[in-house]
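K.L.:
File follows, coords-v9.cif with mmCIF, C-alpha atoms and all ligand atoms:
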data_input
#
loop_
_atom_site.label_atom_id
_atom_site.label_comp_id
_atom_site.auth_asym_id
_atom_site.auth_seq_id
_atom_site.Cartn_x
_atom_site.Cartn_y
_atom_site.Cartn_z
CA MET F 1 64.38 -0.95 -3.61
CA ASN F 2 60.87 -2.23 -2.75
CA GLU F 3 57.80 -0.58 -4.20
CA MET F 4 55.98 1.65 -1.73
CA ALA F 5 52.33 2.51 -1.12
CA ASP F 6 50.60 4.51 1.54
CA ILE F 7 47.58 2.25 1.26
CA LEU F 8 47.61 -1.16 -0.42
CA ILE F 9 44.31 -2.86 -1.30
CA ILE F 10 44.26 -6.56 -2.14
CA GLY F 11 41.41 -7.61 -4.43
CA GLY F 12 39.91 -6.05 -7.53
CA GLY F 13 36.27 -7.00 -7.01
CA VAL F 14 33.60 -4.35 -6.56
CA ILE F 15 34.57 -3.94 -2.90
CA GLY F 16 38.29 -3.35 -3.50
CA VAL F 17 37.71 -0.81 -6.27
CA SER F 18 35.00 0.97 -4.30
CA ILE F 19 37.41 1.38 -1.37
CA ALA F 20 40.14 2.57 -3.78
CA TYR F 21 37.83 5.15 -5.34
CA HIS F 22 36.65 6.54 -2.01
CA LEU F 23 40.19 6.65 -0.58
CA ALA F 24 41.42 8.51 -3.65
CA GLN F 25 38.60 11.01 -3.33
CA ARG F 26 39.95 11.88 0.09
CA GLY F 27 43.49 12.27 -1.25
CA LEU F 28 44.92 9.73 1.18
CA GLY F 29 48.33 9.35 -0.49
CA ARG F 30 49.66 6.75 -2.93
CA ILE F 31 47.07 4.01 -3.30
CA VAL F 32 47.90 0.70 -4.98
CA LEU F 33 45.36 -2.05 -5.71
CA LEU F 34 46.52 -5.59 -6.53
CA GLU F 35 44.27 -7.97 -8.45
CA ARG F 36 45.72 -11.40 -9.05
CA ASP F 37 43.68 -11.96 -12.22
CA SER F 38 41.41 -9.33 -13.77
CA LEU F 39 38.96 -6.88 -12.23
CA ALA F 40 35.57 -8.42 -11.31
CA CYS F 41 36.74 -11.99 -12.07
CA GLY F 42 35.58 -13.29 -8.63
CA SER F 43 32.14 -13.18 -7.00
CA THR F 44 31.49 -9.78 -8.49
CA GLY F 45 31.46 -10.95 -12.10
CA ARG F 46 28.99 -13.73 -11.24
CA SER F 47 26.65 -11.64 -9.14
CA VAL F 48 22.91 -11.39 -9.75
CA ALA F 49 23.52 -7.82 -8.58
CA THR F 50 20.09 -7.03 -7.18
CA ILE F 51 19.80 -3.87 -5.13
CA ASP F 52 16.95 -4.55 -2.70
CA LEU F 53 17.14 -1.38 -0.56
CA LEU F 54 15.63 -3.42 2.28
CA THR F 55 17.55 -5.25 4.98
CA PHE F 56 16.45 -7.10 8.09
CA GLN F 57 19.72 -6.25 9.85
CA PRO F 58 19.20 -2.92 11.68
CA HIS F 59 22.92 -2.05 11.74
CA ALA F 60 23.11 -2.42 7.95
CA VAL F 61 20.30 0.01 7.11
CA GLU F 62 22.64 2.94 6.50
CA LEU F 63 24.79 0.82 4.16
CA TYR F 64 21.74 -0.02 2.04
CA ALA F 65 20.35 3.53 2.02
CA LYS F 66 23.62 5.24 1.06
CA SER F 67 24.35 2.67 -1.63
CA GLY F 68 20.89 3.04 -3.16
CA GLU F 69 21.52 6.75 -3.69
CA PHE F 70 24.87 5.99 -5.29
CA PHE F 71 23.49 3.48 -7.80
CA ASP F 72 20.72 5.89 -8.70
CA GLN F 73 23.20 8.69 -9.38
CA CYS F 74 26.13 6.58 -10.60
CA ASP F 75 26.50 8.20 -14.01
CA LYS F 76 26.58 11.67 -12.45
CA ILE F 77 28.98 10.66 -9.68
CA LEU F 78 31.40 8.56 -11.73
CA GLY F 79 30.75 9.92 -15.22
CA ALA F 80 30.02 6.36 -16.36
CA GLU F 81 27.10 3.94 -16.43
CA CYS F 82 26.75 1.12 -13.91
CA GLY F 83 23.83 -0.37 -15.83
CA PHE F 84 21.25 0.35 -13.14
CA VAL F 85 17.73 -0.82 -14.04
CA GLU F 86 14.90 0.22 -11.73
CA THR F 87 12.52 -2.74 -11.42
CA GLY F 88 11.26 -2.12 -7.91
CA SER F 89 11.62 -4.90 -5.37
CA ILE F 90 8.78 -6.81 -3.72
CA VAL F 91 9.15 -8.94 -0.59
CA LEU F 92 6.51 -11.60 0.12
CA ALA F 93 6.02 -12.70 3.72
CA GLY F 94 4.03 -15.45 5.40
CA PRO F 95 2.86 -15.40 9.05
CA PRO F 96 6.31 -16.18 10.56
CA GLN F 97 7.96 -13.28 8.72
CA GLU F 98 5.21 -10.68 8.91
CA SER F 99 6.32 -8.78 12.00
CA GLY F 100 9.96 -8.86 10.91
CA LEU F 101 9.11 -7.40 7.54
CA LEU F 102 7.16 -4.58 9.16
CA ALA F 103 10.01 -3.81 11.56
CA ALA F 104 12.55 -3.85 8.73
CA MET F 105 10.39 -1.52 6.64
CA GLN F 106 10.07 0.95 9.48
CA LYS F 107 13.84 1.06 10.04
CA VAL F 108 14.57 1.51 6.35
CA GLN F 109 11.90 4.20 5.98
CA ALA F 110 13.46 6.08 8.90
CA ALA F 111 16.72 6.14 6.93
CA GLY F 112 14.90 7.91 4.09
CA VAL F 113 14.42 4.95 1.75
CA GLU F 114 11.11 4.72 -0.09
CA VAL F 115 9.54 1.43 0.95
CA GLN F 116 5.87 0.70 1.60
CA SER F 117 3.51 -2.05 2.65
CA LEU F 118 1.62 -3.52 -0.22
CA SER F 119 -1.92 -4.86 0.17
CA ILE F 120 -2.67 -8.17 -1.50
CA GLU F 121 -5.00 -6.29 -3.86
CA ALA F 122 -2.32 -3.77 -4.85
CA LEU F 123 0.15 -6.60 -5.28
CA ARG F 124 -2.16 -8.39 -7.72
CA LYS F 125 -2.37 -5.20 -9.79
CA LEU F 126 1.42 -4.84 -9.92
CA GLU F 127 2.02 -8.53 -10.62
CA PRO F 128 -1.14 -9.84 -12.32
CA ALA F 129 0.32 -13.29 -13.01
CA VAL F 130 1.26 -14.06 -9.41
CA THR F 131 -0.42 -16.65 -7.17
CA LEU F 132 -0.28 -15.64 -3.53
CA ASP F 133 -0.96 -18.78 -1.46
CA GLY F 134 0.56 -18.43 2.00
CA VAL F 135 1.37 -14.73 1.58
CA VAL F 136 -0.05 -12.49 4.32
CA SER F 137 1.94 -9.32 3.78
CA ALA F 138 4.26 -7.72 1.30
CA SER F 139 6.46 -4.68 0.83
CA ILE F 140 7.64 -2.74 -2.16
CA ALA F 141 10.73 -0.60 -2.63
CA PRO F 142 9.90 1.10 -5.93
CA ARG F 143 13.42 2.52 -6.50
CA ALA F 144 15.17 -0.83 -6.11
CA GLY F 145 16.49 -2.80 -9.06
CA TYR F 146 19.72 -4.27 -10.30
CA ALA F 147 22.92 -3.09 -11.93
CA ASP F 148 25.69 -4.55 -14.04
CA PRO F 149 28.40 -5.70 -11.61
CA VAL F 150 31.22 -5.63 -14.16
CA LEU F 151 30.28 -2.16 -15.46
CA THR F 152 30.03 -0.92 -11.87
CA THR F 153 33.49 -2.29 -11.06
CA GLN F 154 34.98 -0.80 -14.21
CA ALA F 155 33.31 2.57 -13.60
CA LEU F 156 34.69 2.74 -10.05
CA ALA F 157 38.14 1.54 -11.18
CA ASN F 158 38.34 4.08 -14.00
CA ALA F 159 37.31 6.91 -11.69
CA ALA F 160 39.92 5.74 -9.17
CA ARG F 161 42.61 5.59 -11.87
CA ARG F 162 41.78 9.16 -12.92
CA MET F 163 42.56 10.21 -9.36
CA GLY F 164 45.91 8.42 -9.46
CA VAL F 165 45.20 4.96 -8.03
CA ASP F 166 47.64 2.39 -9.37
CA ILE F 167 45.57 -0.69 -10.27
CA GLN F 168 47.77 -3.68 -11.04
CA GLN F 169 46.00 -6.66 -12.60
CA GLY F 170 47.64 -10.08 -12.94
CA ARG F 171 49.59 -9.58 -9.72
CA ALA F 172 48.78 -11.59 -6.59
CA ALA F 173 49.75 -10.86 -3.01
CA THR F 174 51.30 -14.16 -1.96
CA ARG F 175 51.59 -13.31 1.73
CA LEU F 176 51.14 -10.48 4.18
CA ARG F 177 54.34 -9.30 5.81
CA ARG F 178 53.68 -8.93 9.53
CA ALA F 179 55.98 -8.43 12.47
CA GLY F 180 54.45 -8.06 15.92
CA LYS F 181 51.56 -5.62 15.90
CA GLN F 182 52.12 -4.32 12.38
CA VAL F 183 51.88 -5.35 8.76
CA PHE F 184 54.58 -3.95 6.52
CA GLY F 185 53.07 -4.76 3.15
CA VAL F 186 52.91 -7.88 1.02
CA GLU F 187 55.05 -10.30 -0.92
CA THR F 188 54.34 -10.91 -4.60
CA ALA F 189 56.05 -13.13 -7.17
CA THR F 190 57.62 -10.01 -8.67
CA GLY F 191 58.83 -8.34 -5.48
CA ASP F 192 57.56 -7.01 -2.18
CA ILE F 193 55.37 -3.94 -1.80
CA GLU F 194 55.73 -1.93 1.39
CA ALA F 195 52.67 -0.17 2.74
CA LEU F 196 51.60 1.85 5.76
CA ILE F 197 48.10 0.38 5.63
CA VAL F 198 46.95 -2.90 4.04
CA ILE F 199 43.30 -3.68 3.25
CA VAL F 200 42.27 -7.26 2.48
CA ALA F 201 39.28 -7.22 0.11
CA ALA F 202 40.08 -10.56 -1.49
CA GLY F 203 36.59 -12.10 -1.37
CA ALA F 204 36.63 -15.86 -0.80
CA TRP F 205 40.44 -15.84 -0.63
CA SER F 206 40.54 -13.36 2.28
CA GLY F 207 40.73 -16.06 4.97
CA ASN F 208 43.76 -17.73 3.37
CA LEU F 209 45.57 -14.43 2.96
CA LEU F 210 44.87 -13.29 6.53
CA ARG F 211 46.21 -16.61 7.79
CA THR F 212 49.64 -15.63 6.38
CA ALA F 213 49.62 -12.87 9.02
CA ALA F 214 48.55 -15.35 11.74
CA ILE F 215 44.98 -14.02 11.75
CA GLU F 216 42.13 -16.51 11.78
CA LEU F 217 38.80 -15.31 10.42
CA ASP F 218 36.03 -17.88 10.21
CA LEU F 219 34.86 -17.41 6.60
CA GLN F 220 33.19 -20.15 4.60
CA PRO F 221 33.30 -19.92 0.81
CA VAL F 222 30.17 -21.51 -0.71
CA ARG F 223 29.07 -22.30 -4.22
CA HIS F 224 25.83 -20.56 -5.20
CA PRO F 225 24.08 -21.43 -8.49
CA VAL F 226 21.74 -19.18 -10.45
CA VAL F 227 18.99 -20.50 -12.73
CA ALA F 228 18.10 -18.57 -15.90
CA LEU F 229 14.61 -19.12 -17.31
CA ARG F 230 13.23 -17.83 -20.61
CA ARG F 231 9.52 -17.18 -20.41
CA PRO F 232 7.23 -18.49 -23.16
CA PRO F 233 6.23 -15.61 -25.49
CA HIS F 234 2.68 -15.19 -24.16
CA ALA F 235 3.18 -15.89 -20.44
CA ALA F 236 3.57 -13.00 -18.03
CA SER F 237 6.67 -13.08 -15.84
CA PRO F 238 7.62 -11.02 -12.76
CA ARG F 239 7.96 -7.33 -13.49
CA HIS F 240 9.69 -6.66 -10.19
CA SER F 241 12.58 -8.18 -8.38
CA LEU F 242 11.03 -10.63 -5.86
CA LEU F 243 12.18 -12.02 -2.55
CA ASP F 244 9.75 -14.75 -1.50
CA LEU F 245 10.36 -15.44 2.16
CA THR F 246 7.61 -18.08 2.21
CA THR F 247 9.13 -20.40 -0.39
CA GLY F 248 12.76 -19.32 0.05
CA ILE F 249 13.57 -18.09 -3.44
CA TYR F 250 14.49 -14.89 -5.24
CA ALA F 251 13.65 -13.94 -8.81
CA ARG F 252 14.36 -10.94 -10.95
CA PRO F 253 13.80 -9.94 -14.57
CA GLU F 254 17.04 -9.79 -16.54
CA SER F 255 15.58 -8.64 -19.82
CA ASP F 256 12.19 -8.78 -21.49
CA ARG F 257 12.13 -12.60 -21.54
CA LEU F 258 14.84 -13.78 -19.19
CA ILE F 259 14.32 -14.31 -15.44
CA LEU F 260 17.08 -15.10 -12.95
CA LEU F 261 16.18 -17.33 -10.01
CA GLY F 262 17.88 -18.75 -6.95
CA SER F 263 17.52 -19.96 -3.39
CA ILE F 264 17.65 -17.84 -0.23
CA ASN F 265 17.46 -20.97 1.91
CA PRO F 266 20.98 -21.51 3.32
CA ASP F 267 20.45 -25.29 3.24
CA VAL F 268 19.98 -25.26 -0.53
CA GLY F 269 22.45 -23.81 -3.03
CA TYR F 270 25.06 -22.69 -0.50
CA ASP F 271 27.47 -25.63 -0.66
CA PRO F 272 30.77 -25.25 1.20
CA ILE F 273 33.82 -25.34 -1.08
CA THR F 274 37.41 -24.18 -1.00
CA PRO F 275 37.86 -21.00 -3.03
CA ASP F 276 40.05 -22.61 -5.68
CA ASP F 277 37.59 -25.46 -6.34
CA GLY F 278 35.95 -23.35 -9.05
CA ALA F 279 32.25 -22.75 -8.92
CA GLY F 280 31.12 -25.35 -11.47
CA TYR F 281 27.74 -25.75 -13.06
CA VAL F 282 24.11 -25.74 -11.95
CA HIS F 283 22.93 -29.17 -10.78
CA ASP F 284 19.55 -30.51 -11.95
CA GLU F 285 18.29 -31.08 -8.38
CA TYR F 286 18.87 -27.41 -7.60
CA VAL F 287 17.04 -26.31 -10.75
CA LEU F 288 14.11 -28.54 -9.80
CA TRP F 289 14.04 -27.21 -6.23
CA VAL F 290 14.01 -23.60 -7.39
CA MET F 291 11.55 -24.15 -10.26
CA GLU F 292 9.11 -26.06 -8.06
CA ARG F 293 8.88 -23.05 -5.78
CA PHE F 294 8.87 -20.43 -8.50
CA VAL F 295 5.98 -22.02 -10.40
CA GLN F 296 3.92 -21.99 -7.19
CA ARG F 297 3.95 -18.23 -7.70
CA PHE F 298 3.98 -18.08 -11.51
CA PRO F 299 2.27 -21.30 -12.74
CA ALA F 300 2.31 -20.24 -16.41
CA LEU F 301 6.09 -20.20 -16.35
CA GLU F 302 6.31 -23.94 -15.86
CA ALA F 303 6.48 -24.03 -19.67
CA GLY F 304 9.49 -21.70 -19.64
CA GLU F 305 12.76 -22.74 -21.24
CA LEU F 306 15.75 -23.22 -18.97
CA THR F 307 18.38 -21.46 -21.01
CA ARG F 308 21.56 -21.34 -19.04
CA GLY F 309 22.73 -20.83 -15.53
CA TRP F 310 25.94 -20.31 -13.71
CA ALA F 311 27.42 -20.60 -10.27
CA GLY F 312 29.69 -18.32 -8.30
CA ILE F 313 31.39 -18.19 -4.95
CA MET F 314 29.96 -16.35 -1.99
CA THR F 315 31.89 -15.78 1.24
CA ILE F 316 29.78 -16.50 4.30
CA SER F 317 30.64 -15.14 7.74
CA PRO F 318 29.41 -16.84 10.95
CA ASP F 319 26.43 -14.44 11.27
CA TRP F 320 25.90 -13.87 7.53
CA GLN F 321 26.88 -10.21 7.85
CA PRO F 322 29.94 -8.43 6.42
CA VAL F 323 33.24 -8.22 8.24
CA LEU F 324 34.54 -4.66 8.08
CA GLY F 325 37.30 -3.06 10.10
CA LYS F 326 40.66 -3.74 11.69
CA TRP F 327 42.27 -5.78 14.46
CA PRO F 328 43.31 -4.09 17.73
CA ASP F 329 46.48 -6.21 17.81
CA CYS F 330 47.39 -5.27 14.22
CA PRO F 331 45.81 -1.86 13.72
CA ASN F 332 47.17 -1.06 10.26
CA LEU F 333 45.57 -4.19 8.76
CA TYR F 334 41.95 -3.80 7.62
CA CYS F 335 39.50 -6.16 5.94
CA ALA F 336 36.26 -5.86 3.98
CA THR F 337 34.96 -9.34 3.34
CA GLY F 338 32.38 -11.98 4.36
CA PHE F 339 29.54 -10.32 2.47
CA SER F 340 27.42 -13.48 2.59
CA GLY F 341 25.71 -12.96 -0.75
CA LYS F 342 24.87 -9.28 -0.38
CA GLY F 343 28.09 -7.40 -1.05
CA PHE F 344 27.29 -5.93 -4.42
CA GLN F 345 24.36 -3.82 -3.27
CA ILE F 346 26.24 -2.29 -0.37
CA SER F 347 29.59 -1.85 -2.15
CA PRO F 348 29.34 1.95 -2.60
CA ALA F 349 28.70 2.58 1.10
CA VAL F 350 31.26 0.00 2.20
CA GLY F 351 33.89 1.78 0.10
CA GLU F 352 32.93 5.17 1.49
CA LEU F 353 32.77 4.10 5.12
CA MET F 354 36.01 2.11 4.96
CA ALA F 355 37.76 5.17 3.47
CA ARG F 356 36.31 7.40 6.18
CA LEU F 357 37.28 4.87 8.87
CA ILE F 358 40.86 4.89 7.63
CA ALA F 359 40.80 8.70 7.50
CA GLY F 360 39.85 8.67 11.20
CA ASP F 361 36.20 9.76 10.91
CA PRO F 362 34.51 8.86 14.23
CA LYS F 363 31.05 8.65 12.65
CA ALA F 364 32.23 5.99 10.18
CA SER F 365 33.95 4.18 13.02
CA LYS F 366 30.66 4.08 14.95
CA LEU F 367 28.63 2.92 11.95
CA LEU F 368 31.06 0.12 11.18
CA ALA F 369 31.67 -0.98 14.79
CA PRO F 370 28.96 -3.70 14.75
CA PHE F 371 30.69 -5.31 11.74
CA ALA F 372 34.16 -5.43 13.33
CA PRO F 373 36.13 -8.66 12.80
CA THR F 374 36.61 -8.94 16.56
CA ARG F 375 32.87 -9.51 17.12
CA PHE F 376 33.30 -13.25 16.62
CA ASP F 377 35.88 -13.51 19.42
CA ASN F 378 33.80 -11.30 21.70
CA GLY F 379 30.63 -13.32 21.12
CA ARG F 380 28.91 -10.27 19.61
CA LEU F 381 27.48 -11.93 16.52
CA LEU F 382 24.85 -9.84 14.78
CA ARG F 383 21.42 -11.36 15.17
CA THR F 384 19.19 -10.67 12.22
CA GLU F 385 15.78 -11.27 13.72
CA ASN F 386 13.14 -12.53 11.33
CA GLU F 387 15.47 -12.54 8.36
CA GLY F 388 16.96 -15.28 10.50
CA GLN F 389 13.58 -17.00 10.71
CA ALA F 390 12.87 -16.42 7.08
CA TYR F 391 16.18 -17.74 5.85
CA GLY F 392 16.34 -20.43 8.50
CA LEU F 393 19.41 -18.75 9.97
CA LEU F 394 20.42 -18.29 13.58
CA ALA F 395 17.49 -20.29 14.84
C1 LIG F 401 25.90 -16.19 -7.90
C2 LIG F 401 25.96 -14.95 -7.03
C3 LIG F 401 24.88 -14.10 -6.93
C4 LIG F 401 24.96 -12.96 -6.14
N1 LIG F 401 23.90 -12.11 -6.10
C5 LIG F 401 23.99 -10.95 -5.40
C6 LIG F 401 22.93 -10.02 -5.43
O1 LIG F 401 21.92 -10.23 -6.08
N2 LIG F 401 23.08 -8.85 -4.73
C7 LIG F 401 24.20 -8.60 -4.00
O2 LIG F 401 24.28 -7.55 -3.37
N3 LIG F 401 25.22 -9.48 -3.95
C8 LIG F 401 25.15 -10.64 -4.64
N4 LIG F 401 26.16 -11.52 -4.61
C9 LIG F 401 27.30 -11.27 -3.73
C10 LIG F 401 28.25 -10.25 -4.33
O3 LIG F 401 28.47 -10.53 -5.68
C11 LIG F 401 29.56 -10.28 -3.55
O4 LIG F 401 29.27 -10.07 -2.17
C12 LIG F 401 30.52 -9.21 -4.00
O5 LIG F 401 30.72 -9.27 -5.40
C13 LIG F 401 31.84 -9.40 -3.27
O6 LIG F 401 32.80 -8.57 -3.85
P1 LIG F 401 34.30 -8.67 -3.38
O7 LIG F 401 35.04 -7.58 -4.05
O8 LIG F 401 34.35 -8.76 -1.89
O9 LIG F 401 34.79 -10.12 -3.87
P2 LIG F 401 35.28 -10.62 -5.29
O10 LIG F 401 34.45 -10.08 -6.38
O11 LIG F 401 35.41 -12.10 -5.21
O12 LIG F 401 36.70 -9.95 -5.42
C14 LIG F 401 37.84 -10.42 -4.75
C15 LIG F 401 39.00 -10.29 -5.72
O13 LIG F 401 40.20 -10.54 -5.02
C16 LIG F 401 41.11 -11.16 -5.92
N5 LIG F 401 42.12 -11.82 -5.11
C17 LIG F 401 41.97 -12.89 -4.30
N6 LIG F 401 43.13 -13.19 -3.70
C18 LIG F 401 44.04 -12.29 -4.13
C19 LIG F 401 45.43 -12.10 -3.87
N7 LIG F 401 46.09 -12.90 -3.03
N8 LIG F 401 46.07 -11.07 -4.49
C20 LIG F 401 45.40 -10.25 -5.36
N9 LIG F 401 44.08 -10.41 -5.65
C21 LIG F 401 43.42 -11.40 -5.04
C22 LIG F 401 40.22 -12.13 -6.69
O14 LIG F 401 40.80 -12.50 -7.92
C23 LIG F 401 38.94 -11.31 -6.85
O15 LIG F 401 38.88 -10.61 -8.07
C24 LIG F 401 26.14 -12.68 -5.41
C25 LIG F 401 27.24 -13.53 -5.51
C26 LIG F 401 27.17 -14.65 -6.32
C27 LIG F 401 28.36 -15.55 -6.44
#
Just give me the structure of the file as structure tokens.

P.N.:
Amino acid sequence: MNEMADILIIGGGVIGVSIAYHLAQRGLGRIVLLERDSLACGSTGRSVATIDLLTFQPHAVELYAKSGEFFDQCDKILGAECGFVETGSIVLAGPPQESGLLAAMQKVQAAGVEVQSLSIEALRKLEPAVTLDGVVSASIAPRAGYADPVLTTQALANAARRMGVDIQQGRAATRLRRAGKQVFGVETATGDIEALIVIVAAGAWSGNLLRTAAIELDLQPVRHPVVALRRPPHAASPRHSLLDLTTGIYARPESDRLILLGSINPDVGYDPITPDDGAGYVHDEYVLWVMERFVQRFPALEAGELTRGWAGIMTISPDWQPVLGKWPDCPNLYCATGFSGKGFQISPAVGELMARLIAGDPKASKLLAPFAPTRFDNGRLLRTENEGQAYGLLA
């Protein structure tokens, strides 16, 4: 006889385990999660894992606000550490991004998140080593920071297991079993699993898996490299996590002497690949591009030592926003994918809202409606004004 599940989740990244945890909390029956390799082995384990608390996408504000509270209280909620470090997050804007930053701040403040404008003078006090050419305005979210993506995944998975979720590692779903308007579960190399509801949270592999159920979702896996720089002993480095919209880079402290850096310009460091290509290493041209921009802000760090770097896969959707929900012509098949480089920081809220959506909560359904997979067919792509300008997206 086939194995049975009420709800079957495919993918053991931070998104899959967050959904599993939140479903289990609601007691929604027998929940099985399949991970083809080991938990957090995909994008999650390679994430820079910054938690900015600020988004330029108005529909995503609630996802950021709810998740911020979760990371802050993780040890109380899950009884385990997620490695959250509060660095505060500063956004630097030039003239083209100024109004967008102000609008984003206002929306996020209205959702109860602490975020303020920062005068150039105040900014110099917080970051004495910074050079601010081209910067006309800035914001700070003092409670933002970063967490440990693997610890977070393990903490959510362990809490889910305690509530009875069956997490099976080393077992891949090889195809979705669909007939007409329904999925019936999945095939695996060691037998089929039947399920009433199937959730695809398979990161960069989601598109391939959905195709086995004759569903096309336009997702582009890309390779994104991260540069790690060790500051010289006497040079000051950024104290906060930084998003520099004027030069197109991010930076955050990793420890006392290590700084992680990367591009937010979609034309640099977001190279299309197929998910099984492997992410590979960090190319010299990319390091030069990132360093050139970073030392415009922190000239003393030109003498820093490039220690190591790594690359990981991100899954980009056509409007660079997550794809969350179900298909009207296959209503027991859900997906949570296409996070476009920002999935870690919203994973707690995504898990909660997906669980509430499946439980039939109309408020969750309303909050997630803008992210529905059908938006691409209906021409309802999410426009992210000003983030679009800043990142060169959606011109
Ligand atoms: C270099 C880098 C830096 C990043 N920085 C940040 C950041 O600073 N802040 C932020 O918020 N986000 C960041 N992200 C993005 C974030 O890490 C991702 O959005 C998030 O981890 C996605 O989680 P996921 O669970 O959807 O995907 P994944 O972690 O990729 O998980 C999917 C899982 O599904 C499994 N799987 C695939 N196919 C199958 C199958 N057929 N059967 C069973 N299992 C399967 C895979 O093995 C994998 O473990 C970054 C990503 C990268 C690569």

K.L.:
Please identify the residues whose atoms come within 6 Å of ligand LIG 401 (chain F), using all atoms listed in the file, and report them as a ChimeraX atom specification.

P.N.:
/F:10-16,34-37,39-44,46-51,172-174,201-205,224-226,311-314,337,339,341-345

K.L.:
Hey, can you check how far CA of Tyr270 in chain F sits from CA of Thr315 in chain F?

P.N.:
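According to the coordinates, CA of Tyr270 in chain F and CA of Thr315 in chain F are separated by 9.9 Å.
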
K.L.:
Would you pick out the contacts of range 330-333 of chain F at 7 Å or less, using only C-alpha atoms, so that residues sharing its chain but fewer than 2 positions from it are not included, and give the list as a PDB file with C-alpha atoms, keeping the file's coordinate frame?

P.N.:
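File produced: out_38.pdb:
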ATOM      1  CA  LYS F 181      51.560  -5.620  15.900  1.00  0.00           C
ATOM      2  CA  GLN F 182      52.120  -4.320  12.380  1.00  0.00           C
ATOM      3  CA  VAL F 183      51.880  -5.350   8.760  1.00  0.00           C
ATOM      4  CA  LEU F 196      51.600   1.850   5.760  1.00  0.00           C
ATOM      5  CA  ILE F 197      48.100   0.380   5.630  1.00  0.00           C
ATOM      6  CA  VAL F 198      46.950  -2.900   4.040  1.00  0.00           C
ATOM      7  CA  ILE F 199      43.300  -3.680   3.250  1.00  0.00           C
ATOM      8  CA  LYS F 326      40.660  -3.740  11.690  1.00  0.00           C
ATOM      9  CA  TRP F 327      42.270  -5.780  14.460  1.00  0.00           C
ATOM     10  CA  PRO F 328      43.310  -4.090  17.730  1.00  0.00           C
ATOM     11  CA  CYS F 335      39.500  -6.160   5.940  1.00  0.00           C
TER      12      CYS F 335
END

K.L.:
For the atom pair CA of Ser241 in chain F and CA of Val227 in chain F, what is the interatomic distance in Å to one decimal place?

P.N.:
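Computing it gives 14.6 Å between the two atoms.
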
K.L.:
Skipping near chain neighbours, those fewer than 5 positions away, what residues fall within 10 Å of range 87-96 of chain F using all atoms listed in the file, listed as a PyMOL selection string?

P.N.:
chain F and resi 50-54+101-102+115-118+120+123+126-127+132-146+238-248+250-254+386+389-390

K.L.:
From the options F:Gly29, F:Gly100, F:Pro58, F:Gly304, which residue's atoms come nearest to Ile358 in chain F, counting only C-alpha atoms?

P.N.:
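Result for the nearest residue to Ile358 in chain F: F:Gly29.
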
K.L.:
To one decimal place, how far is CA of Gly351 in chain F from CA of Asp166 in chain F in Å?

P.N.:
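Going from CA of Gly351 in chain F over to CA of Asp166 in chain F covers 16.7 Å.
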
K.L.:
I'd like to know which of F:Arg30, F:Arg297, F:Arg308, F:Lys76 is closest to Ala5 in chain F, using all atoms listed in the file.

P.N.:
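Among the listed residues, F:Arg30 lies closest to Ala5 in chain F.
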
K.L.:
Which neighbours of range 285-287 of chain F fall inside 10 Å, counting only C-alpha atoms, when residues of the same chain fewer than 5 positions from it are skipped, and could you give them as JSON, numbers by chain?

P.N.:
{"F": [225, 226, 227, 228, 261, 262, 263, 268, 269, 292, 306, 309]}

K.L.:
Kindly list the centre and edge lengths in Å, rounded to one decimal, for the axis-aligned box that covers all listed atoms of range 118-129 of chain F plus 4 Å on each of its six sides, as AutoDock Vina command-line options.

P.N.:
--center_x -1.5 --center_y -8.4 --center_z -6.4 --size_x 15.0 --size_y 17.8 --size_z 21.2

K.L.:
Of the candidates F:Val165, F:Ala80, F:Leu260, F:Ala155, which one gets nearest to Ile7 in chain F if we count all atoms listed in the file?

P.N.:
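Among F:Val165, F:Ala80, F:Leu260, F:Ala155, it is F:Val165 that comes nearest to Ile7 in chain F.
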
K.L.:
Could you check the closest approach to Ile19 in chain F for each of F:Phe376, F:Tyr334, F:Phe184, F:Phe371 and tell me which residue wins, using all atoms listed in the file?

P.N.:
F:Tyr334

K.L.:
Between F:Leu258, F:Leu288, F:Val186, F:Ile249, which is the closest to Leu8 in chain F once you count all atoms listed in the file?

P.N.:
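The closest residue to Leu8 in chain F is F:Val186.
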